[in-house]
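Below: one structure, written as structure tokens.
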Amino acid sequence: MSTCASTQHSIQKFVLCTPLRNSNLILILSLVLCVASHAAVKPPADSTRGVVSGFVEDAVTKEPLIGATISVKAIKAGAYTNKSGYFSISNIPAGQQIIVVSYVGYVRKEVPVTVPKGGSAKLRIGLLSDTARGREVTVTAERDEDKRQISISRVNIPIEQLSQLRIGGEADVFRALQMLPGVLTSSQISSGLFIRGGSPDQNLVLLDGMTVYNPTHLFGFISAFNNDAIKDVDLIKGGFPAEFGGRMSAVLNITQKDGNRDHIEGLVGLGLISSRASLQGPIGNGSFFLGGRRTYLDLVLGVIPEDPEAPLPTFGFYDLNAKITQNLGEDDKVSLSGFLTRDQLGFSQTGLDFGVRIGNRATSLRWSHIYDPTVFSVVTLSASRYDNGFDGRNAGIAFEVANNIIDYTAKVELEWFTAENLTLKGGYEGSLFNFNYVQLFEQSAQNNTVIRDTTALRLTDNTQSLFAQANWNVTESLSLQGGLRGNYWTSSEQFLLDPRLAARLQLSEDVAVKAAWGIYHQYLRLASAPDFSFFDTWLPSDRSVPPGRADHYVLSVESSPLEGYDFNVDVYYKNLENINELRQGNRGRQVAVSDVFYVGRGYTYGAEVFLQKRAGRLTGWIGYALGYVFSQFDSVNLGRWFRPKFDRRHDLKITAMYQLSETWEFGASFMFQSGQSYTGATSALGGRMPGWDGGIVMVNPSQRWGLRLPNSHQLNVNVNYNTTLYGLPFRLFLDVYNVYSRRDIWFRLFQTEDGIPTVSDVRLLPILPSISAELRF
């Protein structure tokens, strides 16, 4: 029996014994992997051909450039640099060749190289930054190389463009991503990402390979990522490949800067919300980067005279980013990254005293190694801790609630550039989780006694995953990607397979059709109130609840109708199983995850249109999304289907950035969305005791999230002025949030204090102008 036939037989036997649907698709996937593995067998060395590999970096800072395009001028062959800036192109005719390299915002470069017969040539190519920000020179071979990249539902926006979108003087990654179609928020002051019907806990957020569990400040108003520390932002909205797992919706993969390897440089910024500073430069055989941000709201409130009748809350946050990178040789590179955030809120008045604290601590150690010009590996060891707590005293009752999740992860990735038309990738990922939850209530009683009620929950669990995927360029017009991820959860003792398939068909020079299908399982669950996200509790899927599951179906048409323009249309459908809804008001002793959540099902579907202008003085995009989300839980809404709170049917985003000159830059963003859902009221029931002036009024809710608030829309503008101060680059930023001061409704309440129920709306921020400054040295 042949290898492929034997493998197909083994997988078919396994599928018949495994409770997975879509087994026919899994068998198709096994055939694709078999054909790819057969093609991966290296033929005898061709003495007339060779390999060109190497790194692409900034010519001055030596910062690796991610996603740069490399092509061989004489033939239709090329590659993109990976997250380490590395590329490899095989099967190039020996002799003198011209390598063409391009990257957004950099000057196109042609590099002559001599390809040895049966050997390899290593390059380290430096590109010079283009003085016209964001201007891209189109490379002739770039579209040929695009045919190799499936990249469905993937958005990679240059950090320079993300920096133009500011609020309160802060450039914010999450705020910029919210201006993409299909990426929604629960409100205008939330930085949580609801992507294609998925909630924020269904998104995998990675920073240099370490998982970040709550990447926000100001209880969701801005993200915890300092824009100065970020080099690359890669968002995959659906159909992501097998190298990513553990989440059901999307992947946000952020890479921090390595630092300037040429000279010391720094930055100091002053804004309305916070101030920031960063320093980077060469050290040893590499570089370092150190950046920090801190609000001064607590310092300002500290000098304001306190009014005992109307006390002000105290609030503060800070974050730190650090990274050091060293080359251990020509083929080895090691980097150590760190990330630290902390938020604190306090309030004290007569009879009430409370405090809230939230924090992230994460670190990762990465080692990249080149075994030979066609084999590249990355080993990542990471640790991440998210904790929050709430404590205080009210009417003689002391209370404290604290929880945290600690995540230790090891991931090994091996990438094999097998041939000019085939790349294989595989690896292992294992995580050890510690969950801790403590709840304490204490009250003084008679005879100086104290009544205490304590709940402590400590869980330890681990997950193990193996993954493999193949990118196969079948013809010049057809590319396929097949992948398989196996996951084992110790606490639930379940082993599940996540198959993934994707394809790209180039219909013409400017039009391509892409499709993707995949199964995605999620082990972790988030317990969070629907209106407030400052106290989140992560829990595992134990034996009382099955892991969450999503089936993705994506179809995309991508085109380049004009030079420098991209026009994409995406259609998607997701089937959701074992999703959760928080059991509110459940005050019994909770001993299993099923005591915390209702478990149900759902589905979401929609379409997205995205037009982007990438070149010239005027850049930006227009995006529109039409989306439907539905959920069903046996014990919620009488078991009937309902739309979640974050369902927003229509979503229009317009973003524009214009560079008038080297001195002046202008930007604007506009957003229109359907109003968020809320639960109305059908009637009220009141009760009153004889001789009691007060009473109790209960509001009977209508269908869950069955009504909508008014539509939401907002315009933001910004002006940037570039000049010098004492000979150093200096920038002034003026941005106006909510230009025409439309105060959208955050949530709607039904007040019952006066005996007759009344409707009360809590509204969001009015117009908010701000000015900030930035000095580089």
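By order of appearance in the structure tokens: chains A, B, ..., then residues from 1 within every chain, and ligands from 1 in the order shown.
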List the neighbours of Thr185 in chain A out to 12 Å using only C-alpha atoms; skip same-chain residues closer than 5 positions along the sequence, and give me the result as a PyMOL selection string.
chain A and resi 174-180+190-200+220-221+531+645-648+651+671+673-676+712+746
Atoms kept (N, CA, C and O atoms) for selection, written as a short mmCIF file (atom, residue, chain, number, x, y, z; two decimals), in the first residue's frame:
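Output file part-v7.cif follows:
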data_model
loop_
_atom_site.label_atom_id
_atom_site.label_comp_id
_atom_site.auth_asym_id
_atom_site.auth_seq_id
_atom_site.Cartn_x
_atom_site.Cartn_y
_atom_site.Cartn_z
N PHE A 174 -6.66 49.16 19.03
CA PHE A 174 -8.01 48.61 19.01
C PHE A 174 -9.00 49.60 18.41
O PHE A 174 -9.92 49.21 17.70
N ARG A 175 -8.83 50.90 18.70
CA ARG A 175 -9.71 51.90 18.10
C ARG A 175 -9.58 51.91 16.58
O ARG A 175 -10.56 52.09 15.86
N ALA A 176 -8.36 51.74 16.09
CA ALA A 176 -8.15 51.71 14.64
C ALA A 176 -8.78 50.46 14.03
O ALA A 176 -9.43 50.53 12.98
N LEU A 177 -8.63 49.31 14.68
CA LEU A 177 -9.22 48.09 14.16
C LEU A 177 -10.75 48.15 14.17
O LEU A 177 -11.40 47.53 13.33
N GLN A 178 -11.33 48.90 15.10
CA GLN A 178 -12.78 49.05 15.14
C GLN A 178 -13.32 49.80 13.94
O GLN A 178 -14.53 49.78 13.68
N MET A 179 -12.43 50.46 13.20
CA MET A 179 -12.86 51.16 11.99
C MET A 179 -12.86 50.25 10.76
O MET A 179 -13.03 50.72 9.64
N LEU A 180 -12.68 48.94 10.96
CA LEU A 180 -12.75 47.99 9.87
C LEU A 180 -14.14 47.36 9.83
O LEU A 180 -14.77 47.17 10.87
N SER A 190 -15.96 51.51 24.40
CA SER A 190 -15.41 50.17 24.61
C SER A 190 -14.37 49.88 23.55
O SER A 190 -14.56 50.17 22.37
N SER A 191 -13.25 49.30 23.96
CA SER A 191 -12.24 48.87 23.00
C SER A 191 -12.28 47.37 22.75
O SER A 191 -11.42 46.83 22.07
N GLY A 192 -13.28 46.69 23.31
CA GLY A 192 -13.44 45.27 23.03
C GLY A 192 -13.84 45.04 21.59
O GLY A 192 -14.56 45.84 20.98
N LEU A 193 -13.37 43.94 21.01
CA LEU A 193 -13.60 43.65 19.60
C LEU A 193 -14.59 42.50 19.45
O LEU A 193 -14.31 41.38 19.86
N PHE A 194 -15.76 42.81 18.89
CA PHE A 194 -16.75 41.80 18.53
C PHE A 194 -16.63 41.56 17.03
O PHE A 194 -17.04 42.41 16.23
N ILE A 195 -16.06 40.43 16.64
CA ILE A 195 -15.69 40.19 15.25
C ILE A 195 -16.59 39.11 14.66
O ILE A 195 -16.61 37.98 15.15
N ARG A 196 -17.35 39.49 13.66
CA ARG A 196 -18.23 38.56 12.93
C ARG A 196 -19.09 37.73 13.87
O ARG A 196 -19.15 36.50 13.75
N GLY A 197 -19.71 38.39 14.81
CA GLY A 197 -20.64 37.71 15.70
C GLY A 197 -20.00 37.03 16.88
O GLY A 197 -20.69 36.40 17.69
N GLY A 198 -18.69 37.14 17.03
CA GLY A 198 -18.00 36.55 18.17
C GLY A 198 -17.74 37.57 19.25
O GLY A 198 -17.54 38.76 18.97
N SER A 199 -17.73 37.15 20.51
CA SER A 199 -17.48 38.05 21.63
C SER A 199 -15.97 38.20 21.84
O SER A 199 -15.18 37.40 21.32
N PRO A 200 -15.53 39.22 22.59
CA PRO A 200 -14.09 39.47 22.75
C PRO A 200 -13.31 38.29 23.32
O PRO A 200 -12.14 38.10 22.98
N GLY A 220 -11.92 49.55 29.52
CA GLY A 220 -12.35 49.30 28.16
C GLY A 220 -12.30 50.49 27.25
O GLY A 220 -12.55 50.36 26.05
N PHE A 221 -11.96 51.69 27.76
CA PHE A 221 -12.00 52.89 26.93
C PHE A 221 -10.88 52.89 25.90
O PHE A 221 -11.08 53.27 24.75
N ASP A 531 -22.91 44.72 30.69
CA ASP A 531 -22.73 46.17 30.57
C ASP A 531 -21.36 46.66 31.03
O ASP A 531 -20.93 47.73 30.65
N LYS A 645 -26.76 41.16 22.64
CA LYS A 645 -26.71 42.61 22.81
C LYS A 645 -25.81 43.27 21.78
O LYS A 645 -26.09 44.37 21.31
N PHE A 646 -24.70 42.62 21.42
CA PHE A 646 -23.73 43.25 20.53
C PHE A 646 -24.08 43.12 19.05
O PHE A 646 -23.29 43.50 18.19
N ASP A 647 -25.25 42.56 18.73
CA ASP A 647 -25.68 42.48 17.33
C ASP A 647 -25.97 43.90 16.82
O ASP A 647 -26.80 44.62 17.37
N ARG A 648 -25.26 44.31 15.79
CA ARG A 648 -25.52 45.59 15.11
C ARG A 648 -25.65 45.27 13.62
O ARG A 648 -24.67 44.96 12.97
N ASP A 651 -23.26 48.35 9.54
CA ASP A 651 -22.01 48.90 10.06
C ASP A 651 -21.25 49.55 8.91
O ASP A 651 -20.76 48.88 8.00
N MET A 671 -18.34 56.83 11.51
CA MET A 671 -18.90 55.51 11.79
C MET A 671 -20.41 55.63 11.93
O MET A 671 -20.92 56.54 12.59
N GLN A 673 -23.67 52.89 12.80
CA GLN A 673 -24.04 51.53 13.16
C GLN A 673 -25.50 51.49 13.62
O GLN A 673 -26.01 52.47 14.18
N SER A 674 -26.10 50.34 13.40
CA SER A 674 -27.40 50.12 14.00
C SER A 674 -27.26 50.15 15.52
O SER A 674 -26.23 49.78 16.06
N GLY A 675 -28.32 50.60 16.20
CA GLY A 675 -28.28 50.67 17.65
C GLY A 675 -28.14 49.29 18.27
O GLY A 675 -28.60 48.29 17.71
N GLN A 676 -27.50 49.23 19.44
CA GLN A 676 -27.33 47.95 20.10
C GLN A 676 -28.66 47.49 20.70
O GLN A 676 -29.55 48.29 20.97
N SER A 712 -26.36 54.54 16.01
CA SER A 712 -25.16 55.20 16.53
C SER A 712 -24.33 55.74 15.38
O SER A 712 -24.11 55.04 14.38
N TRP A 746 -25.62 54.64 26.20
CA TRP A 746 -24.78 53.52 26.65
C TRP A 746 -25.69 52.35 27.02
O TRP A 746 -25.55 51.25 26.50
#
Find the residues near range 478-493 of chain A: any atom within 8 Å, counting only C-alpha atoms, skip ones fewer than 4 places away on the same chain, and give them as a ChimeraX atom specification.
/A:29,32-33,147-150,241-243,245,461-474,497-506,523,541-543,546
Can I get the selected residues back with N, CA and C atoms, as a compact mmCIF listing (two decimals), in the first residue's frame?
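This is the output file out10.txt:
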# COMPACT_ATOMS: atom_id res chain seq x y z
N LEU A 29 -9.36 16.62 3.26
CA LEU A 29 -8.19 17.28 3.82
C LEU A 29 -7.02 16.31 3.92
N VAL A 32 -5.43 16.04 0.58
CA VAL A 32 -4.61 17.20 0.25
C VAL A 32 -3.26 17.13 0.95
N LEU A 33 -3.28 16.76 2.25
CA LEU A 33 -2.03 16.66 2.99
C LEU A 33 -1.14 15.55 2.45
N LYS A 147 -0.39 35.42 -5.73
CA LYS A 147 -1.13 34.19 -6.01
C LYS A 147 -0.77 33.08 -5.03
N ARG A 148 0.41 33.16 -4.42
CA ARG A 148 0.83 32.15 -3.45
C ARG A 148 0.20 32.38 -2.08
N GLN A 149 -0.24 33.61 -1.82
CA GLN A 149 -0.73 33.98 -0.49
C GLN A 149 -2.25 33.86 -0.45
N ILE A 150 -2.78 32.94 0.35
CA ILE A 150 -4.23 32.80 0.47
C ILE A 150 -4.77 33.89 1.39
N PRO A 241 -5.53 29.76 9.98
CA PRO A 241 -4.90 28.45 9.75
C PRO A 241 -4.66 27.67 11.05
N ALA A 242 -4.16 26.44 10.89
CA ALA A 242 -4.05 25.50 12.01
C ALA A 242 -2.97 25.89 13.02
N GLU A 243 -2.07 26.80 12.68
CA GLU A 243 -1.03 27.20 13.63
C GLU A 243 -1.62 27.97 14.82
N GLY A 245 -4.90 28.31 17.55
CA GLY A 245 -6.00 27.53 18.12
C GLY A 245 -6.39 28.05 19.48
N ASP A 461 -5.03 22.99 35.29
CA ASP A 461 -5.34 22.19 34.10
C ASP A 461 -4.27 22.43 33.05
N ASN A 462 -4.23 21.56 32.05
CA ASN A 462 -3.29 21.76 30.95
C ASN A 462 -3.91 21.30 29.64
N THR A 463 -3.45 21.88 28.57
CA THR A 463 -3.90 21.52 27.22
C THR A 463 -2.68 21.20 26.37
N GLN A 464 -2.85 20.29 25.43
CA GLN A 464 -1.78 19.89 24.52
C GLN A 464 -2.31 19.94 23.09
N SER A 465 -1.51 20.49 22.19
CA SER A 465 -1.95 20.60 20.79
C SER A 465 -0.80 20.29 19.85
N LEU A 466 -1.13 19.62 18.76
CA LEU A 466 -0.23 19.40 17.64
C LEU A 466 -0.89 19.95 16.39
N PHE A 467 -0.10 20.57 15.51
CA PHE A 467 -0.68 21.11 14.29
C PHE A 467 0.27 20.91 13.12
N ALA A 468 -0.34 20.83 11.93
CA ALA A 468 0.43 20.72 10.69
C ALA A 468 -0.38 21.38 9.58
N GLN A 469 0.30 22.07 8.70
CA GLN A 469 -0.39 22.72 7.57
C GLN A 469 0.56 22.79 6.37
N ALA A 470 -0.05 22.83 5.20
CA ALA A 470 0.70 22.88 3.94
C ALA A 470 0.12 23.95 3.04
N ASN A 471 0.98 24.79 2.49
CA ASN A 471 0.61 25.76 1.46
C ASN A 471 1.17 25.26 0.13
N TRP A 472 0.26 24.93 -0.78
CA TRP A 472 0.65 24.30 -2.03
C TRP A 472 0.18 25.15 -3.20
N ASN A 473 1.12 25.63 -4.00
CA ASN A 473 0.82 26.39 -5.20
C ASN A 473 0.66 25.38 -6.34
N VAL A 474 -0.58 24.91 -6.55
CA VAL A 474 -0.82 23.82 -7.51
C VAL A 474 -0.46 24.25 -8.92
N LEU A 497 -10.32 17.14 17.01
CA LEU A 497 -9.58 17.55 15.83
C LEU A 497 -10.20 18.81 15.22
N ASP A 498 -9.33 19.72 14.79
CA ASP A 498 -9.74 20.94 14.11
C ASP A 498 -9.15 20.95 12.71
N PRO A 499 -9.87 20.46 11.70
CA PRO A 499 -9.35 20.52 10.32
C PRO A 499 -9.58 21.92 9.73
N ARG A 500 -8.69 22.34 8.84
CA ARG A 500 -8.80 23.65 8.19
C ARG A 500 -8.49 23.47 6.70
N LEU A 501 -9.25 24.16 5.86
CA LEU A 501 -9.01 24.16 4.42
C LEU A 501 -9.17 25.57 3.88
N ALA A 502 -8.34 25.94 2.92
CA ALA A 502 -8.45 27.24 2.27
C ALA A 502 -7.93 27.11 0.83
N ALA A 503 -8.46 27.94 -0.04
CA ALA A 503 -8.06 27.90 -1.45
C ALA A 503 -8.11 29.30 -2.04
N ARG A 504 -7.27 29.51 -3.05
CA ARG A 504 -7.26 30.78 -3.79
C ARG A 504 -7.18 30.47 -5.28
N LEU A 505 -8.07 31.08 -6.05
CA LEU A 505 -8.09 30.92 -7.50
C LEU A 505 -7.97 32.30 -8.14
N GLN A 506 -6.89 32.49 -8.91
CA GLN A 506 -6.66 33.75 -9.60
C GLN A 506 -7.41 33.73 -10.91
N TYR A 523 -11.56 26.27 24.75
CA TYR A 523 -11.54 25.61 26.04
C TYR A 523 -11.88 26.57 27.18
N SER A 541 -13.28 24.72 30.65
CA SER A 541 -14.41 23.85 30.34
C SER A 541 -14.17 22.51 31.04
N ASP A 542 -14.86 22.30 32.17
CA ASP A 542 -14.67 21.05 32.88
C ASP A 542 -15.62 19.99 32.32
N ARG A 543 -15.79 18.90 33.06
CA ARG A 543 -16.64 17.82 32.55
C ARG A 543 -18.12 18.19 32.54
N PRO A 546 -19.27 21.07 27.69
CA PRO A 546 -18.36 20.71 26.59
C PRO A 546 -17.64 21.95 26.08
Atomic distance CA of Leu457 in chain A - CA of Phe435 in chain A, expressed in Å with one decimal:
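Between CA of Leu457 in chain A and CA of Phe435 in chain A the gap works out to 7.7 Å.
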Using only C-alpha atoms, which residue out of A:Leu582, A:Leu576, A:Ala229, A:Ala668 lies closest to Thr619 in chain A?
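Answer, going by the shortest atom-to-atom distance: A:Ala668.
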Of A:Lys62, A:Tyr408, A:Trp416, A:Ile89, the one sitting nearest Asn285 in chain A when using only C-alpha atoms is A:Lys62
Quick one: distance from CA of Pro710 in chain A to CA of Ile222 in chain A in Å, one decimal?
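Going from CA of Pro710 in chain A over to CA of Ile222 in chain A, I get 24.0 Å.
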Just want the 7 Å neighbourhood of Arg743 in chain A, counted on only C-alpha atoms, with same-chain residues fewer than 5 positions away dropped. Output as a CSV table (one decimal) with N, CA and C atoms, in the first residue's frame.
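Saved result, part_7.csv, follows:
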chain,number,residue,atom,x,y,z
A,763,ARG,N,-26.0,58.2,29.0
A,763,ARG,CA,-25.5,58.5,27.7
A,763,ARG,C,-23.9,58.6,27.7
A,764,LEU,N,-23.3,58.5,26.5
A,764,LEU,CA,-21.9,58.5,26.4
A,764,LEU,C,-21.3,59.9,26.3
A,765,LEU,N,-20.0,59.9,25.9
A,765,LEU,CA,-19.3,61.2,26.0
A,765,LEU,C,-19.8,62.2,24.9
A,766,PRO,N,-19.8,63.5,25.2
A,766,PRO,CA,-20.0,64.5,24.2
A,766,PRO,C,-18.8,64.8,23.4
Quick one: pick out all strand (DSSP E or B) residues within range 434-666 of chain A from a backbone DSSP run and write them as a PyMOL selection string.
chain A and resi 434-444+450-473+478-489+494-506+511-522+524-527+537-540+548-559+565-582+597-613+618-632+642+650-659+664-666
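Omitting Lys231 in chain A and its sequence neighbours fewer than 6 positions away, and counting only C-alpha atoms, the residues within 8 Å are Ile159, Ile254, Thr255, Gln256 and Lys257 of chain A.
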Filtering to C-alpha atoms, could you give me those residues as a PDB file, in the first residue's frame?
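File produced: again.pdb:
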ATOM      1  CA  ILE A 159       1.417  50.998  11.905  1.00  0.00           C
ATOM      2  CA  ILE A 254       0.862  41.871  17.457  1.00  0.00           C
ATOM      3  CA  THR A 255       4.644  42.097  17.154  1.00  0.00           C
ATOM      4  CA  GLN A 256       6.695  44.495  19.269  1.00  0.00           C
ATOM      5  CA  LYS A 257       9.635  46.459  17.919  1.00  0.00           C
TER       6      LYS A 257
END
Pick from A:Ile579, A:Leu206, A:Ile152, A:Leu270: nearest to Phe733 in chain A, with only C-alpha atoms counted?
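Ranking A:Ile579, A:Leu206, A:Ile152, A:Leu270 by distance to Phe733 in chain A, first place goes to A:Leu270.
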Write out as a VMD selection string the set of residues from range 266-473 of chain A that DSSP, computed on the backbone, places in helix (DSSP H, G or I).
chain A and resid 297 to 303 446 to 448
Give me the residues near Ile622 in chain A as number ranges by chain, where near means some atom within 10 Å (using only C-alpha atoms) and where sequence neighbours in that chain fewer than 5 positions away do not count.
A: 179-181, 567, 609-613, 652-656, 669-670
Expected file: the selected residues, N, CA and C atoms, as a PDB file, in the first residue's frame:
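Saved as part-v9.pdb:
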ATOM      1  N   MET A 179     -12.429  50.461  13.197  1.00  0.00           N
ATOM      2  CA  MET A 179     -12.862  51.161  11.985  1.00  0.00           C
ATOM      3  C   MET A 179     -12.863  50.252  10.762  1.00  0.00           C
ATOM      4  N   LEU A 180     -12.679  48.943  10.964  1.00  0.00           N
ATOM      5  CA  LEU A 180     -12.752  47.988   9.868  1.00  0.00           C
ATOM      6  C   LEU A 180     -14.141  47.361   9.832  1.00  0.00           C
ATOM      7  N   PRO A 181     -14.652  47.017   8.653  1.00  0.00           N
ATOM      8  CA  PRO A 181     -15.977  46.391   8.580  1.00  0.00           C
ATOM      9  C   PRO A 181     -15.973  45.019   9.236  1.00  0.00           C
ATOM     10  N   PHE A 567     -10.152  46.259  -3.607  1.00  0.00           N
ATOM     11  CA  PHE A 567     -11.598  46.149  -3.388  1.00  0.00           C
ATOM     12  C   PHE A 567     -11.922  44.694  -3.080  1.00  0.00           C
ATOM     13  N   VAL A 609     -17.905  44.598   2.664  1.00  0.00           N
ATOM     14  CA  VAL A 609     -17.351  45.256   1.477  1.00  0.00           C
ATOM     15  C   VAL A 609     -16.271  46.214   1.957  1.00  0.00           C
ATOM     16  N   PHE A 610     -15.104  46.148   1.323  1.00  0.00           N
ATOM     17  CA  PHE A 610     -13.961  46.933   1.802  1.00  0.00           C
ATOM     18  C   PHE A 610     -13.209  47.504   0.606  1.00  0.00           C
ATOM     19  N   LEU A 611     -13.148  48.837   0.513  1.00  0.00           N
ATOM     20  CA  LEU A 611     -12.394  49.540  -0.522  1.00  0.00           C
ATOM     21  C   LEU A 611     -11.285  50.330   0.152  1.00  0.00           C
ATOM     22  N   GLN A 612     -10.042  50.040  -0.215  1.00  0.00           N
ATOM     23  CA  GLN A 612      -8.895  50.676   0.427  1.00  0.00           C
ATOM     24  C   GLN A 612      -7.997  51.333  -0.612  1.00  0.00           C
ATOM     25  N   LYS A 613      -7.552  52.551  -0.305  1.00  0.00           N
ATOM     26  CA  LYS A 613      -6.569  53.244  -1.128  1.00  0.00           C
ATOM     27  C   LYS A 613      -5.250  53.233  -0.375  1.00  0.00           C
ATOM     28  N   LEU A 652     -21.163  50.900   8.929  1.00  0.00           N
ATOM     29  CA  LEU A 652     -20.472  51.668   7.888  1.00  0.00           C
ATOM     30  C   LEU A 652     -19.291  52.399   8.507  1.00  0.00           C
ATOM     31  N   LYS A 653     -18.101  52.251   7.906  1.00  0.00           N
ATOM     32  CA  LYS A 653     -16.884  52.902   8.400  1.00  0.00           C
ATOM     33  C   LYS A 653     -16.197  53.631   7.238  1.00  0.00           C
ATOM     34  N   ILE A 654     -15.807  54.876   7.474  1.00  0.00           N
ATOM     35  CA  ILE A 654     -15.069  55.665   6.484  1.00  0.00           C
ATOM     36  C   ILE A 654     -13.868  56.293   7.187  1.00  0.00           C
ATOM     37  N   THR A 655     -12.703  56.071   6.642  1.00  0.00           N
ATOM     38  CA  THR A 655     -11.474  56.612   7.212  1.00  0.00           C
ATOM     39  C   THR A 655     -10.645  57.244   6.112  1.00  0.00           C
ATOM     40  N   ALA A 656     -10.126  58.448   6.353  1.00  0.00           N
ATOM     41  CA  ALA A 656      -9.306  59.145   5.356  1.00  0.00           C
ATOM     42  C   ALA A 656      -8.141  59.825   6.045  1.00  0.00           C
ATOM     43  N   SER A 669     -12.448  60.191  10.557  1.00  0.00           N
ATOM     44  CA  SER A 669     -13.107  58.888  10.551  1.00  0.00           C
ATOM     45  C   SER A 669     -14.579  59.081  10.902  1.00  0.00           C
ATOM     46  N   PHE A 670     -15.423  58.331  10.202  1.00  0.00           N
ATOM     47  CA  PHE A 670     -16.863  58.403  10.432  1.00  0.00           C
ATOM     48  C   PHE A 670     -17.397  56.985  10.588  1.00  0.00           C
TER      49      PHE A 670
END
Who sits within 12 Å of range 634-643 of chain A, only C-alpha atoms, same chain under 4 positions skipped, as a PyMOL selection string
chain A and resi 197+578+580-584+597-604+627-630+647-649+676-679+701-708
Mind giving me the straight-line distance from CA of Asp735 in chain A to CA of Pro769 in chain A in Å, one decimal?
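For CA of Asp735 in chain A relative to CA of Pro769 in chain A, the distance reads 5.9 Å.
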Non-local contacts of Ile92 in chain A (7 Å; only C-alpha atoms; under 3 positions in same chain excluded) as a PyMOL selection string
chain A and resi 49-51
Using the selection just defined, write its residues with N, CA, C and O atoms as a PDB file, in the first residue's frame.
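Written file, out37.pdb:
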ATOM      1  N   ARG A  49      20.386  24.602 -10.397  1.00  0.00           N
ATOM      2  CA  ARG A  49      19.518  25.516  -9.653  1.00  0.00           C
ATOM      3  C   ARG A  49      20.008  25.656  -8.214  1.00  0.00           C
ATOM      4  O   ARG A  49      20.791  24.845  -7.716  1.00  0.00           O
ATOM      5  N   GLY A  50      19.498  26.708  -7.527  1.00  0.00           N
ATOM      6  CA  GLY A  50      19.914  26.954  -6.152  1.00  0.00           C
ATOM      7  C   GLY A  50      18.833  27.648  -5.351  1.00  0.00           C
ATOM      8  O   GLY A  50      17.689  27.792  -5.796  1.00  0.00           O
ATOM      9  N   VAL A  51      19.206  28.086  -4.151  1.00  0.00           N
ATOM     10  CA  VAL A  51      18.275  28.698  -3.204  1.00  0.00           C
ATOM     11  C   VAL A  51      18.795  30.072  -2.814  1.00  0.00           C
ATOM     12  O   VAL A  51      20.001  30.256  -2.612  1.00  0.00           O
TER      13      VAL A  51
END
Residue with the minimum atom-to-atom distance to Ser368 in chain A, picked from A:Asn394, A:Thr61, A:Ser275, A:Thr380 with only C-alpha atoms counted, is A:Thr380
